[in-house]
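Student: This one is input_37.tsv, TSV, C-alpha atoms.
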chain	number	residue	atom	x	y	z
A	4	MET	CA	-5.38	-35.66	56.43
A	5	PRO	CA	-1.88	-35.36	54.99
A	6	GLY	CA	0.34	-32.71	56.53
A	7	THR	CA	-1.20	-32.81	59.99
A	8	PRO	CA	0.29	-34.62	62.98
A	9	PHE	CA	-1.19	-38.06	63.61
A	10	ALA	CA	-3.69	-37.54	60.80
A	11	VAL	CA	-5.85	-35.31	63.04
A	12	VAL	CA	-8.05	-32.66	61.49
A	13	HIS	CA	-8.58	-29.38	63.35
A	14	LEU	CA	-11.84	-27.82	62.32
A	15	ASP	CA	-11.70	-24.08	61.88
A	16	VAL	CA	-14.18	-22.44	64.25
A	17	PRO	CA	-15.12	-18.90	63.14
A	18	PRO	CA	-14.64	-16.15	65.74
A	19	VAL	CA	-17.71	-15.06	67.70
A	20	THR	CA	-18.55	-11.55	68.87
A	21	SER	CA	-18.40	-11.36	72.65
A	22	GLY	CA	-21.81	-10.99	74.26
A	23	LEU	CA	-20.24	-9.13	77.16
A	24	ALA	CA	-18.87	-6.51	74.76
A	25	VAL	CA	-22.25	-6.04	73.07
A	26	GLY	CA	-24.02	-5.84	76.42
A	27	SER	CA	-21.48	-3.31	77.62
A	28	LEU	CA	-22.17	-1.05	74.65
A	29	VAL	CA	-25.95	-1.32	75.07
A	30	ALA	CA	-25.74	-0.58	78.81
A	31	GLY	CA	-23.35	2.34	78.18
A	32	ILE	CA	-25.67	3.94	75.64
A	33	THR	CA	-28.61	3.44	78.02
A	34	SER	CA	-26.61	5.09	80.80
A	35	ILE	CA	-25.95	8.14	78.63
A	36	LEU	CA	-29.63	8.44	77.69
A	37	VAL	CA	-30.74	8.17	81.33
A	38	SER	CA	-28.10	10.71	82.37
A	39	ILE	CA	-29.46	13.18	79.81
A	40	LEU	CA	-32.84	12.72	81.49
A	41	VAL	CA	-31.17	13.36	84.86
A	42	ILE	CA	-29.67	16.61	83.56
A	43	CYS	CA	-33.03	17.73	82.15
A	44	VAL	CA	-34.89	16.94	85.37
A	45	GLY	CA	-32.10	18.50	87.44
A	46	ALA	CA	-32.02	21.74	85.47
A	47	ILE	CA	-35.79	22.14	85.06
A	48	GLY	CA	-37.02	20.30	88.16
A	49	GLY	CA	-39.09	22.23	90.64
A	50	GLY	CA	-37.29	22.42	93.98
A	51	THR	CA	-36.82	19.39	96.17
A	52	ASN	CA	-39.18	17.17	94.18
A	53	GLY	CA	-37.01	17.68	91.11
A	54	ALA	CA	-33.91	16.85	93.11
A	55	TRP	CA	-35.49	13.62	94.37
A	56	ALA	CA	-36.55	12.64	90.84
A	57	ALA	CA	-33.09	13.44	89.46
A	58	GLY	CA	-31.51	11.39	92.26
A	59	ALA	CA	-33.72	8.39	91.49
A	60	PHE	CA	-32.86	8.51	87.80
A	61	ALA	CA	-29.20	9.13	88.65
A	62	ALA	CA	-29.14	5.92	90.69
A	63	LEU	CA	-30.50	4.05	87.67
A	64	GLY	CA	-28.06	5.71	85.27
A	65	GLY	CA	-25.11	5.26	87.61
A	66	LEU	CA	-25.78	1.56	88.14
A	67	THR	CA	-26.23	1.05	84.41
A	68	GLY	CA	-22.98	2.91	83.70
A	69	LEU	CA	-21.03	0.93	86.29
A	70	GLY	CA	-22.49	-2.28	84.86
A	71	ALA	CA	-21.37	-1.21	81.39
A	72	VAL	CA	-17.83	-0.58	82.61
A	73	LEU	CA	-17.71	-3.93	84.41
A	74	ALA	CA	-19.13	-5.87	81.46
A	75	GLY	CA	-16.71	-4.11	79.10
A	76	LEU	CA	-13.72	-5.01	81.26
A	77	LEU	CA	-14.86	-8.63	81.49
A	78	GLY	CA	-15.43	-8.66	77.72
A	79	MET	CA	-11.90	-7.35	77.12
A	80	ARG	CA	-10.56	-10.11	79.36
A	81	GLN	CA	-12.58	-12.71	77.45
A	82	ILE	CA	-11.34	-11.39	74.10
A	83	ARG	CA	-7.67	-11.25	75.21
A	84	ARG	CA	-7.68	-14.82	76.51
A	85	PRO	CA	-5.76	-17.10	74.12
A	86	ALA	CA	-7.67	-20.08	72.82
A	87	PRO	CA	-6.22	-23.31	71.39
A	88	PRO	CA	-7.31	-24.09	67.80
A	89	PRO	CA	-10.52	-26.08	68.41
A	90	ALA	CA	-11.87	-23.58	70.98
A	91	VAL	CA	-14.06	-20.58	70.21
A	92	ARG	CA	-12.26	-17.26	69.76
A	93	PHE	CA	-14.01	-14.04	70.70
A	94	THR	CA	-13.91	-10.69	68.91
A	95	GLY	CA	-15.44	-7.29	69.69
A	96	ARG	CA	-12.61	-5.35	71.29
A	97	GLY	CA	-13.91	-2.08	69.83
A	98	LEU	CA	-17.40	-2.75	71.18
A	99	ALA	CA	-15.97	-3.36	74.64
A	100	ILE	CA	-13.90	-0.16	74.54
A	101	ALA	CA	-16.92	1.84	73.36
A	102	GLY	CA	-19.04	0.32	76.14
A	103	ILE	CA	-16.46	1.22	78.78
A	104	SER	CA	-16.21	4.81	77.56
A	105	CYS	CA	-20.00	5.24	77.22
A	106	GLY	CA	-20.55	3.80	80.70
A	107	GLY	CA	-17.96	6.12	82.25
A	108	THR	CA	-19.44	9.09	80.42
A	109	GLY	CA	-22.92	8.16	81.62
A	110	VAL	CA	-21.76	8.02	85.24
A	111	LEU	CA	-20.06	11.41	84.97
A	112	LEU	CA	-23.12	12.98	83.34
A	113	CYS	CA	-25.33	11.55	86.11
A	114	LEU	CA	-23.12	13.23	88.69
A	115	VAL	CA	-23.40	16.53	86.78
A	116	GLY	CA	-27.19	16.15	86.67
A	117	VAL	CA	-27.41	15.51	90.42
A	118	GLY	CA	-25.22	18.55	91.02
A	119	LEU	CA	-27.55	20.69	88.89
A	120	ALA	CA	-30.57	19.33	90.76
A	121	LEU	CA	-29.02	20.15	94.13
A	122	LEU	CA	-28.08	23.64	93.00
A	123	SER	CA	-31.59	24.34	91.71
A	124	ALA	CA	-33.12	22.94	94.93
A	125	LEU	CA	-30.92	25.13	97.13
A	126	ALA	CA	-31.46	28.26	95.05
Spit out the file's structure as structure tokens when you get a sec.

Tutor:
Amino acid sequence: MPGTPFAVVHLDVPPVTSGLAVGSLVAGITSILVSILVICVGAIGGGTNGAWAAGAFAALGGLTGLGAVLAGLLGMRQIRRPAPPPAVRFTGRGLAIAGISCGGTGVLLCLVGVGLALLSALA
């Protein structure tokens, strides 16, 4: 190929969306949906049984939210990493940022839901 060093051709590899970023967004949205369930059970729940149910769902939502934050941070690291021309480049920075923020929001809402459940159980 004229114009390239040593007549070597570099094939152009199209960028690929990071799977970690997509997984982070899905887990973050799931965490928010579960945390809404935690708030509903915590506010309406009947006494100690409602608090136990809210706590069980809060554990699920909190773990999902923390997983979303971790996957989003790893996805951002994967996207930032420079790649030489024949290697695969990753995109999806916005997905990773959205996953991190949704995961953090889900964890905070789970904590609010557990607080509501404890207040309703003590009252």

Student: Contacts of A:Ala61 at 10 Å or less, counting only C-alpha atoms, minus same-chain residues fewer than 6 places along, as a list in words?

Tutor: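 The filter keeps Ser34, Val37, Ser38, Ile39, Leu40, Val41, Ile42, Gly45, Trp55, Thr67, Gly109, Val110, Leu112, Cys113, Leu114, Val115, Gly116 and Val117 of chain A.
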
Student: State, in Å with one decimal place, the distance from atom CA of A:Leu69 to atom CA of A:Gly53.

Tutor: 23.6 Å

Student: So that I can see what lies close to A:Gly97, please list as a tab-separated table (two decimals) with C-alpha atoms, in the coordinates of the input the residues with an atom at most 10 Å from it, counting all atoms listed in the file and leaving out residues fewer than 6 positions away in the same chain.

Tutor:
chain	number	residue	atom	x	y	z
A	24	ALA	CA	-18.87	-6.51	74.76
A	25	VAL	CA	-22.25	-6.04	73.07
A	28	LEU	CA	-22.17	-1.05	74.65
A	75	GLY	CA	-16.71	-4.11	79.10
A	79	MET	CA	-11.90	-7.35	77.12
A	103	ILE	CA	-16.46	1.22	78.78

Student: Between A:Gly102, A:Gly58, A:Gly48, A:Gly95, which has the minimum distance to A:Pro18 (counting only C-alpha atoms)?

Tutor: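 Of A:Gly102, A:Gly58, A:Gly48, A:Gly95, the one nearest A:Pro18, counting only C-alpha atoms, is A:Gly95.
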
Student: Residues proximal to (-18.6, -19.5, 72.6) were defined as those with any atom within 9 Å of that point in the file's coordinates, counting all atoms listed in the file. Which are they, as a ChimeraX atom specification?

Tutor: /A:18-21,90-93

Student: Env of A:Ala54: 8 Å cut, atoms = only C-alpha atoms, seq-sep filter 2 positions within chain, self excluded. Answer as a list in words.

Tutor: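 Listed by chain and then number, they are Val44, Gly45, Gly48, Gly49, Gly50, Thr51, Asn52, Ala56, Ala57, Gly58, Val117, Ala120, Leu121, Ser123 and Ala124 of chain A.
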
Student: Mind pulling up the distance from atom CA of A:Ala46 to atom CA of A:Ala59?

Tutor: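 These atoms are spaced 14.7 Å apart.
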
Student: Could you tell me how far atom CA of A:Leu36 lies from atom CA of A:Leu125, in Å and to one decimal?

Tutor: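 Atom-to-atom, atom CA of A:Leu36 and atom CA of A:Leu125 are spaced 25.7 Å apart.
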
Student: For A:Val16, which residue among A:Gly65, A:Gly107, A:Gly78, A:Pro89 is the nearest when counting only C-alpha atoms?

Tutor: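 Of all the options, A:Pro89 lies closest to A:Val16.
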
Student: With only C-alpha atoms as the atoms that count, which of A:Leu77, A:Ile32, A:Leu111, A:Cys43 lies nearest to A:Arg96?

Tutor: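 For A:Arg96, the nearest of the candidates is A:Leu77.
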
Student: Please determine, counting only C-alpha atoms, which residue among A:Ile35, A:Leu98, A:Val72, A:Ile47 has the shortest atom-to-atom distance to A:Leu122.

Tutor: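 Selected residue with least distance to A:Leu122: A:Ile47.
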